[in-house]
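**Student:** There's a structure below that I have some questions on.
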Amino acid sequence: MVRGVVFDGRRVEVVDDLEIRDPGPGEVLVGVAAAGLCHSDLSVIDGTIPFPVPVVLGHEGAGVVEAVGPGVTHVAPGDHVALSTIANCGACAECGRGRPTMCREAIGRPDRPFSRGGEPVYQFAANSAFAERTLVKAVQAVRIPDDIPLTSAALIGCAVVTGVGAVLNRAKVGPGDSVAVIGAGGIGLNVLQGARMAGAGTVVAVDANPAKEAVARQFGATHFFPSTEGVREVLPRGVDHAFECVGRVALVREAVDLLDRHGQAVLLGMPGATAEASFVVASLFLDKAVLGCRYGSSQPQRDFALYAQMYRSGHLLLDELVTATYAMEDFTKAMAEAKAGRVARAVLTF
């Protein structure tokens with residue numbers, strides 16, 4: 001039997017009677033050591049992200065390979081791995097172009113490797129890291145060096161790859177560019193450090209919580225303001241890149257309004273599935289752009305290894321993201337801390 005965090009559509013419960021099947025061809029069974037609590041998990045609970053239930057939550061994890069199915073050769077039992085949510089097929093045109101995040105086989109096809117009381121239970125984001133063991137496609141298990149703490153390595157699989165990847169892969173921020181980051185939570189902090197690594201010039205963090213200023217500056221912000229109005233004080237002509245990391249349609253409009261000529265707004269926050277945003281269309285004629293971005297437009301097998309190398313060389317902050325760790329039984333407390341914005345990342349440990 002396996003312990004895990006299950007949402008049944010009404011309430012979240014830590015259970016100890018999950019079962020998980022053995023790995024089949026091209027699959028990997030992972031003993032999860034740590035998993036970050038992301039707002040996407042909270043969005044399933046509050047209905048912002050519609051998802052079938054019952055479901056084992058979690059999608060930002062790291063652990064140790066316990067078993068592999070036939071055909072898996074790049075990892076073996078005992079290897080440390082960070083888990084990707086992109087269960088791409090590897091054979092379609094998008095995968096062939098090096099765009100696994102656009103693979104249609106990886107979007108909206110929830111599997112059910114778990115069961116409880118004989119009834120199948122869904123897997124969230126092809127991952128379900130809030131369980132002592134989980135089953136993923138081989139392409140989702142990315143080997144990492146054994147000397148990286150698994151509590152830190154877990155965050156590579158969502159916060160880091162989404163935030164840093166949005167900067168390096170999607171926006172392609174260049175040396176000297178100006179950047180505004182709206183929201184200094186787990187994703188926003190990684191956008192800030194991505195901008196720092198890209199050599200950006202002025203990097204402005206915006207967050208209504210003044211307590212986040214110190215950590216925002218630690219990750220790369222050169223300025224901090226409680227609202228977007230302050231951005232114009234240091235960048236009167238606007239910014240080259242604005243990242244919306246909160247998921248509020250009003251802030252999408254503010255991100256677009258912050259842009260200089262040829263600027264681009266990158267949307268990373270997750271509003272409701274039917275939410276609509278508005279902005280002045282004529283402003284886009286000055287070569288401005290609004291960009292969506294899924295999972296940092298990443299190639300996980302390539303990018304996770306790169307971020308692990310950057311961490312080991314001191315260029316990427318991981319340990320500093322882990323505000324607090326919680327036992328699985330304290331999930332309710334971790335959830336309350338995350339909702340209140342008191343943690344950059346709450347990490348569950350198993």
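To be explicit about the labels: the chains of the structure tokens are called A, B, and onward in the order shown, and within each one the residues are counted from 1, while ligands get numbers from 1 in the order they are shown.
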Just want the 7 Å neighbourhood of region 303-316 of chain A, counted on only C-alpha atoms, with same-chain residues fewer than 3 positions away dropped. Output as a list of chain:residue names.
**Tutor:** A:Val142, A:Ile144, A:Ile156, A:Ser298, A:Gln299, A:Pro300
**Student:** Can you spit out the residues from that selection as a PDB file, in the first residue's frame, using N, CA and C atoms?
**Tutor:**
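After the write, out.pdb holds the following:
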ATOM      1  N   VAL A 142      14.120  12.199 -15.298  1.00  0.00           N
ATOM      2  CA  VAL A 142      15.373  12.820 -15.751  1.00  0.00           C
ATOM      3  C   VAL A 142      16.445  12.601 -14.687  1.00  0.00           C
ATOM      4  N   ILE A 144      19.526  12.967 -12.354  1.00  0.00           N
ATOM      5  CA  ILE A 144      20.244  14.107 -11.798  1.00  0.00           C
ATOM      6  C   ILE A 144      21.369  13.590 -10.906  1.00  0.00           C
ATOM      7  N   ILE A 156      13.029  21.662  -9.589  1.00  0.00           N
ATOM      8  CA  ILE A 156      13.408  21.781 -11.004  1.00  0.00           C
ATOM      9  C   ILE A 156      12.220  21.441 -11.891  1.00  0.00           C
ATOM     10  N   SER A 298      10.136  24.038 -22.668  1.00  0.00           N
ATOM     11  CA  SER A 298      11.364  23.305 -22.360  1.00  0.00           C
ATOM     12  C   SER A 298      11.496  21.994 -23.116  1.00  0.00           C
ATOM     13  N   GLN A 299      12.698  21.468 -23.076  1.00  0.00           N
ATOM     14  CA  GLN A 299      13.007  20.090 -23.431  1.00  0.00           C
ATOM     15  C   GLN A 299      13.545  19.461 -22.141  1.00  0.00           C
ATOM     16  N   PRO A 300      12.703  18.822 -21.350  1.00  0.00           N
ATOM     17  CA  PRO A 300      13.091  18.432 -19.994  1.00  0.00           C
ATOM     18  C   PRO A 300      14.379  17.620 -19.891  1.00  0.00           C
TER      19      PRO A 300
END
**Student:** Based on DSSP run over this structure's backbone, return all residues of region 93-284 of chain A in helix (DSSP H, G or I), as a ChimeraX atom specification.
**Tutor:** /A:93-96,100-102,104-106,124-126,138-140,150-157,159-171,186-198,210-219,228-234,249-257,281-284
**Student:** Using CA of Val343 (chain A) and CA of Glu320 (chain A) as the two end points, give the distance in Å to one decimal.
**Tutor:**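 CA of Glu320 (chain A) lies at a distance of 11.0 Å from CA of Val343 (chain A).
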**Student:** If we count only C-alpha atoms, what is near region 112-122 of chain A at a cut-off of 7 Å, once residues fewer than 4 positions away on the same chain are taken out, given as a list in words?
**Tutor:**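 Using only C-alpha atoms, the neighbours found are Asp17, Leu18, Glu19, Ile20, Arg21, Val53, Pro54, Val55, Val56 and Leu135 of chain A.
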**Student:** With C-alpha atoms retained, export the selected residues as a PDB file, in the first residue's frame.
**Tutor:**
ATOM      1  CA  ASP A  17      -4.436   2.572   1.039  1.00  0.00           C
ATOM      2  CA  LEU A  18      -3.438   3.478  -2.527  1.00  0.00           C
ATOM      3  CA  GLU A  19      -2.189   0.753  -4.813  1.00  0.00           C
ATOM      4  CA  ILE A  20       0.007   1.332  -7.843  1.00  0.00           C
ATOM      5  CA  ARG A  21       0.641  -1.077 -10.686  1.00  0.00           C
ATOM      6  CA  VAL A  53     -11.550  12.894  -9.660  1.00  0.00           C
ATOM      7  CA  PRO A  54     -10.556  11.119  -7.534  1.00  0.00           C
ATOM      8  CA  VAL A  55      -6.996  12.185  -8.261  1.00  0.00           C
ATOM      9  CA  VAL A  56      -3.627  11.883  -6.562  1.00  0.00           C
ATOM     10  CA  LEU A 135       4.630   5.713 -12.131  1.00  0.00           C
TER      11      LEU A 135
END
**Student:** Please report, as a PyMOL selection string, each residue of region 129-336 of chain A to which DSSP assigns strand (DSSP E or B) when run on this structure's backbone.
**Tutor:** chain A and resi 131+133-137+141-143+179-182+203-206+223-225+239-244+259-267+289-292+322-327
**Student:** Convert the current residue selection to file output with N, CA and C atoms, as a short mmCIF file (atom, residue, chain, number, x, y, z; two decimals), in the first residue's frame.
**Tutor:**
data_model
loop_
_atom_site.label_atom_id
_atom_site.label_comp_id
_atom_site.auth_asym_id
_atom_site.auth_seq_id
_atom_site.Cartn_x
_atom_site.Cartn_y
_atom_site.Cartn_z
N ALA A 131 2.73 11.26 -3.55
CA ALA A 131 2.56 9.86 -3.19
C ALA A 131 3.94 9.27 -2.94
N ARG A 133 5.08 6.54 -3.93
CA ARG A 133 5.57 6.00 -5.20
C ARG A 133 4.68 6.52 -6.31
N THR A 134 5.30 6.73 -7.47
CA THR A 134 4.50 7.11 -8.62
C THR A 134 5.07 6.45 -9.86
N LEU A 135 4.26 6.38 -10.89
CA LEU A 135 4.63 5.71 -12.13
C LEU A 135 4.60 6.74 -13.26
N VAL A 136 5.71 6.87 -13.98
CA VAL A 136 5.79 7.86 -15.05
C VAL A 136 6.34 7.21 -16.31
N LYS A 137 6.12 7.87 -17.44
CA LYS A 137 6.77 7.45 -18.66
C LYS A 137 8.26 7.69 -18.54
N ALA A 141 11.33 10.81 -16.44
CA ALA A 141 12.31 10.60 -15.38
C ALA A 141 13.67 11.09 -15.88
N VAL A 142 14.12 12.20 -15.30
CA VAL A 142 15.37 12.82 -15.75
C VAL A 142 16.45 12.60 -14.69
N ARG A 143 17.50 11.90 -15.05
CA ARG A 143 18.55 11.59 -14.08
C ARG A 143 19.27 12.86 -13.66
N VAL A 179 13.35 43.97 -17.70
CA VAL A 179 12.38 42.93 -17.37
C VAL A 179 11.52 43.38 -16.19
N ALA A 180 10.22 43.13 -16.27
CA ALA A 180 9.32 43.31 -15.13
C ALA A 180 8.68 41.97 -14.83
N VAL A 181 8.67 41.59 -13.56
CA VAL A 181 8.10 40.31 -13.14
C VAL A 181 6.98 40.61 -12.15
N ILE A 182 5.75 40.29 -12.53
CA ILE A 182 4.59 40.55 -11.70
C ILE A 182 4.26 39.29 -10.90
N VAL A 203 15.86 44.83 -13.71
CA VAL A 203 14.92 43.74 -13.45
C VAL A 203 14.02 44.18 -12.29
N VAL A 204 12.76 44.45 -12.58
CA VAL A 204 11.83 44.98 -11.59
C VAL A 204 10.87 43.89 -11.13
N ALA A 205 10.84 43.65 -9.83
CA ALA A 205 9.86 42.73 -9.25
C ALA A 205 8.68 43.52 -8.72
N VAL A 206 7.47 43.00 -8.95
CA VAL A 206 6.25 43.65 -8.47
C VAL A 206 5.47 42.63 -7.64
N HIS A 223 15.07 46.19 -8.58
CA HIS A 223 14.10 47.11 -7.99
C HIS A 223 12.89 46.30 -7.54
N PHE A 224 12.14 46.85 -6.59
CA PHE A 224 10.94 46.17 -6.08
C PHE A 224 9.87 47.21 -5.83
N PHE A 225 8.64 46.93 -6.29
CA PHE A 225 7.51 47.83 -6.08
C PHE A 225 6.27 47.03 -5.71
N VAL A 239 9.10 48.39 -20.64
CA VAL A 239 10.04 47.28 -20.50
C VAL A 239 10.10 46.45 -21.77
N ASP A 240 11.20 45.74 -21.91
CA ASP A 240 11.34 44.82 -23.05
C ASP A 240 10.54 43.54 -22.84
N HIS A 241 10.48 43.09 -21.58
CA HIS A 241 9.80 41.83 -21.27
C HIS A 241 9.01 41.99 -19.97
N ALA A 242 7.73 41.66 -20.01
CA ALA A 242 6.91 41.65 -18.79
C ALA A 242 6.35 40.25 -18.61
N PHE A 243 6.54 39.69 -17.42
CA PHE A 243 6.07 38.34 -17.12
C PHE A 243 4.96 38.41 -16.08
N GLU A 244 3.78 37.91 -16.42
CA GLU A 244 2.66 37.86 -15.48
C GLU A 244 2.66 36.48 -14.84
N LEU A 259 4.70 47.50 -21.63
CA LEU A 259 5.67 47.21 -22.68
C LEU A 259 6.15 48.44 -23.43
N ASP A 260 7.44 48.44 -23.69
CA ASP A 260 8.04 49.41 -24.61
C ASP A 260 7.80 48.91 -26.03
N ARG A 261 8.19 49.71 -27.01
CA ARG A 261 8.11 49.25 -28.39
C ARG A 261 8.90 47.96 -28.55
N HIS A 262 8.35 47.05 -29.31
CA HIS A 262 8.95 45.73 -29.54
C HIS A 262 9.02 44.88 -28.28
N GLY A 263 8.25 45.27 -27.26
CA GLY A 263 8.24 44.49 -26.03
C GLY A 263 7.32 43.29 -26.13
N GLN A 264 7.46 42.39 -25.17
CA GLN A 264 6.59 41.21 -25.17
C GLN A 264 6.15 40.88 -23.75
N ALA A 265 4.89 40.51 -23.63
CA ALA A 265 4.33 40.08 -22.35
C ALA A 265 4.20 38.57 -22.39
N VAL A 266 4.76 37.89 -21.39
CA VAL A 266 4.72 36.44 -21.31
C VAL A 266 3.79 36.05 -20.17
N LEU A 267 2.78 35.23 -20.45
CA LEU A 267 1.75 34.89 -19.47
C LEU A 267 2.05 33.53 -18.86
N ALA A 289 4.08 42.01 -28.44
CA ALA A 289 3.55 40.65 -28.54
C ALA A 289 3.06 40.17 -27.18
N VAL A 290 2.07 39.31 -27.21
CA VAL A 290 1.58 38.62 -26.02
C VAL A 290 1.83 37.13 -26.24
N LEU A 291 2.60 36.53 -25.36
CA LEU A 291 3.02 35.15 -25.55
C LEU A 291 2.49 34.25 -24.44
N GLY A 292 1.94 33.11 -24.82
CA GLY A 292 1.69 32.05 -23.87
C GLY A 292 2.97 31.24 -23.71
N VAL A 322 13.35 26.68 -1.04
CA VAL A 322 12.65 25.82 -0.09
C VAL A 322 12.47 26.57 1.21
N THR A 323 11.31 27.19 1.38
CA THR A 323 11.04 27.96 2.58
C THR A 323 10.82 27.06 3.79
N ALA A 324 10.10 25.95 3.58
CA ALA A 324 9.79 25.05 4.69
C ALA A 324 9.48 23.67 4.13
N THR A 325 9.77 22.63 4.93
CA THR A 325 9.41 21.27 4.55
C THR A 325 8.35 20.75 5.52
N TYR A 326 7.50 19.86 5.00
CA TYR A 326 6.38 19.33 5.77
C TYR A 326 6.26 17.83 5.53
N ALA A 327 5.92 17.10 6.57
CA ALA A 327 5.55 15.70 6.38
C ALA A 327 4.23 15.65 5.62
#
**Student:** Any chance you could tabulate, as CSV, the residues of region 140-217 of chain A at most 12 Å from region 31-50 of chain A with each one's nearest atom pair and distance in Å to one decimal, using only C-alpha atoms, in chain and rising number order?
**Tutor:**
residue,atom,partner,partner_atom,distance
A:Ala141,CA,A:Val32,CA,11.5
A:Pro149,CA,A:Ala34,CA,9.5
A:Leu150,CA,A:Ala34,CA,6.2
A:Thr151,CA,A:Ala34,CA,5.2
A:Ser152,CA,A:Ala34,CA,8.3
A:Ala153,CA,A:Ala34,CA,8.5
A:Ala154,CA,A:Ala35,CA,5.6
A:Leu155,CA,A:Gly36,CA,6.1
A:Ile156,CA,A:Gly36,CA,9.6
A:Gly157,CA,A:Gly36,CA,9.1
A:Cys158,CA,A:Cys38,CA,8.0
A:Ala159,CA,A:Cys38,CA,7.8
A:Val160,CA,A:Gly36,CA,11.2
A:Thr162,CA,A:Cys38,CA,11.5
A:Gly185,CA,A:His39,CA,9.5
A:Gly186,CA,A:Cys38,CA,7.8
A:Ile187,CA,A:Cys38,CA,9.1
**Student:** Just to be explicit: take each residue in the selection above, keep N, CA and C atoms, and write the result as a short mmCIF file (atom, residue, chain, number, x, y, z; two decimals), in the first residue's frame.
**Tutor:**
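The new file result03.cif reads:
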data_model
loop_
_atom_site.label_atom_id
_atom_site.label_comp_id
_atom_site.auth_asym_id
_atom_site.auth_seq_id
_atom_site.Cartn_x
_atom_site.Cartn_y
_atom_site.Cartn_z
N ALA A 141 11.33 10.81 -16.44
CA ALA A 141 12.31 10.60 -15.38
C ALA A 141 13.67 11.09 -15.88
N PRO A 149 20.46 17.81 -3.17
CA PRO A 149 19.39 17.43 -2.22
C PRO A 149 18.07 17.26 -2.95
N LEU A 150 17.39 16.16 -2.68
CA LEU A 150 16.14 15.89 -3.40
C LEU A 150 15.05 16.90 -3.08
N THR A 151 15.09 17.51 -1.88
CA THR A 151 14.13 18.57 -1.56
C THR A 151 14.30 19.77 -2.49
N SER A 152 15.53 20.02 -2.92
CA SER A 152 15.80 21.11 -3.86
C SER A 152 15.58 20.67 -5.29
N ALA A 153 16.03 19.46 -5.61
CA ALA A 153 15.90 18.95 -6.98
C ALA A 153 14.44 18.86 -7.41
N ALA A 154 13.53 18.61 -6.46
CA ALA A 154 12.11 18.50 -6.80
C ALA A 154 11.61 19.74 -7.52
N LEU A 155 12.14 20.91 -7.14
CA LEU A 155 11.63 22.16 -7.67
C LEU A 155 12.03 22.40 -9.12
N ILE A 156 13.03 21.66 -9.59
CA ILE A 156 13.41 21.78 -11.00
C ILE A 156 12.22 21.44 -11.89
N GLY A 157 11.40 20.47 -11.45
CA GLY A 157 10.35 19.93 -12.29
C GLY A 157 9.15 20.80 -12.54
N CYS A 158 9.04 21.95 -11.88
CA CYS A 158 7.94 22.86 -12.20
C CYS A 158 8.38 24.32 -12.05
N ALA A 159 8.62 24.77 -10.82
CA ALA A 159 8.92 26.19 -10.61
C ALA A 159 10.12 26.64 -11.43
N VAL A 160 11.19 25.85 -11.40
CA VAL A 160 12.41 26.26 -12.09
C VAL A 160 12.24 26.18 -13.60
N THR A 162 9.61 26.14 -15.39
CA THR A 162 8.61 27.08 -15.90
C THR A 162 9.14 28.50 -15.91
N GLY A 185 6.22 34.89 -6.33
CA GLY A 185 6.08 33.56 -5.75
C GLY A 185 7.10 32.61 -6.34
N GLY A 186 6.81 31.31 -6.27
CA GLY A 186 7.78 30.32 -6.76
C GLY A 186 8.13 30.49 -8.22
N ILE A 187 7.15 30.74 -9.08
CA ILE A 187 7.44 30.95 -10.50
C ILE A 187 8.13 32.28 -10.72
#
**Student:** Here is a test: counting only C-alpha atoms, which residue of A:Pro52, A:Gly4, A:Gly163, A:Gly69 is nearest to Gly26 (chain A)?
**Tutor:** A:Gly69
**Student:** For a test of reading the model, state the distance in Å between CA of Ile86 (chain A) and CA of Ala106 (chain A), rounded to one decimal.
**Tutor:**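 For CA of Ile86 (chain A) relative to CA of Ala106 (chain A), the distance reads 5.8 Å.
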**Student:** I want to know what sits within 8 Å of His80 (chain A), based on only C-alpha atoms, with residues of the same chain fewer than 4 positions away left out; could you give that as a ChimeraX atom specification?
**Tutor:** /A:62-65,143-146
**Student:** Find the spatial neighbours of region 91-96 of chain A, counting only C-alpha atoms, within a cut-off of 12 Å - ignore same-chain residues fewer than 2 positions away - and output them as JSON, numbers by chain.
**Tutor:** {"A": [86, 87, 88, 89, 98, 99, 100, 101, 102, 103, 104, 105, 106, 139, 297, 298, 299, 300]}
**Student:** Neighbours of Ala275 (chain A) within 12 Å (only C-alpha atoms; same-chain residues fewer than 6 positions away dropped), as a list in words?
**Tutor:**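 Counting only the stated atoms, we get Thr48, Ile49, Gly247, Arg248, Val249, Ala250, Val252 and Gly269 of chain A.
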**Student:** Deliver the residues from the most recent selection as a file, using C-alpha atoms, as a PDB file, in the first residue's frame.
**Tutor:**
ATOM      1  CA  THR A  48      -9.632  26.785 -11.363  1.00  0.00           C
ATOM      2  CA  ILE A  49      -8.106  23.809 -13.178  1.00  0.00           C
ATOM      3  CA  GLY A 247      -2.937  34.515 -13.066  1.00  0.00           C
ATOM      4  CA  ARG A 248      -5.192  37.563 -12.759  1.00  0.00           C
ATOM      5  CA  VAL A 249      -6.685  39.059 -15.911  1.00  0.00           C
ATOM      6  CA  ALA A 250      -6.274  42.619 -14.590  1.00  0.00           C
ATOM      7  CA  VAL A 252      -2.413  40.610 -17.815  1.00  0.00           C
ATOM      8  CA  GLY A 269      -0.083  32.687 -14.245  1.00  0.00           C
TER       9      GLY A 269
END
**Student:** Quick one: distance from CA of Ala344 (chain A) to CA of Pro110 (chain A) in Å, one decimal?
**Tutor:**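 Result for CA of Ala344 (chain A) versus CA of Pro110 (chain A): 27.9 Å, one decimal.
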**Student:** Smallest atom-to-atom distance to Ala282 (chain A): which of A:Glu27, A:Val256, A:Gly61, A:Val167, using only C-alpha atoms?
**Tutor:** A:Val256
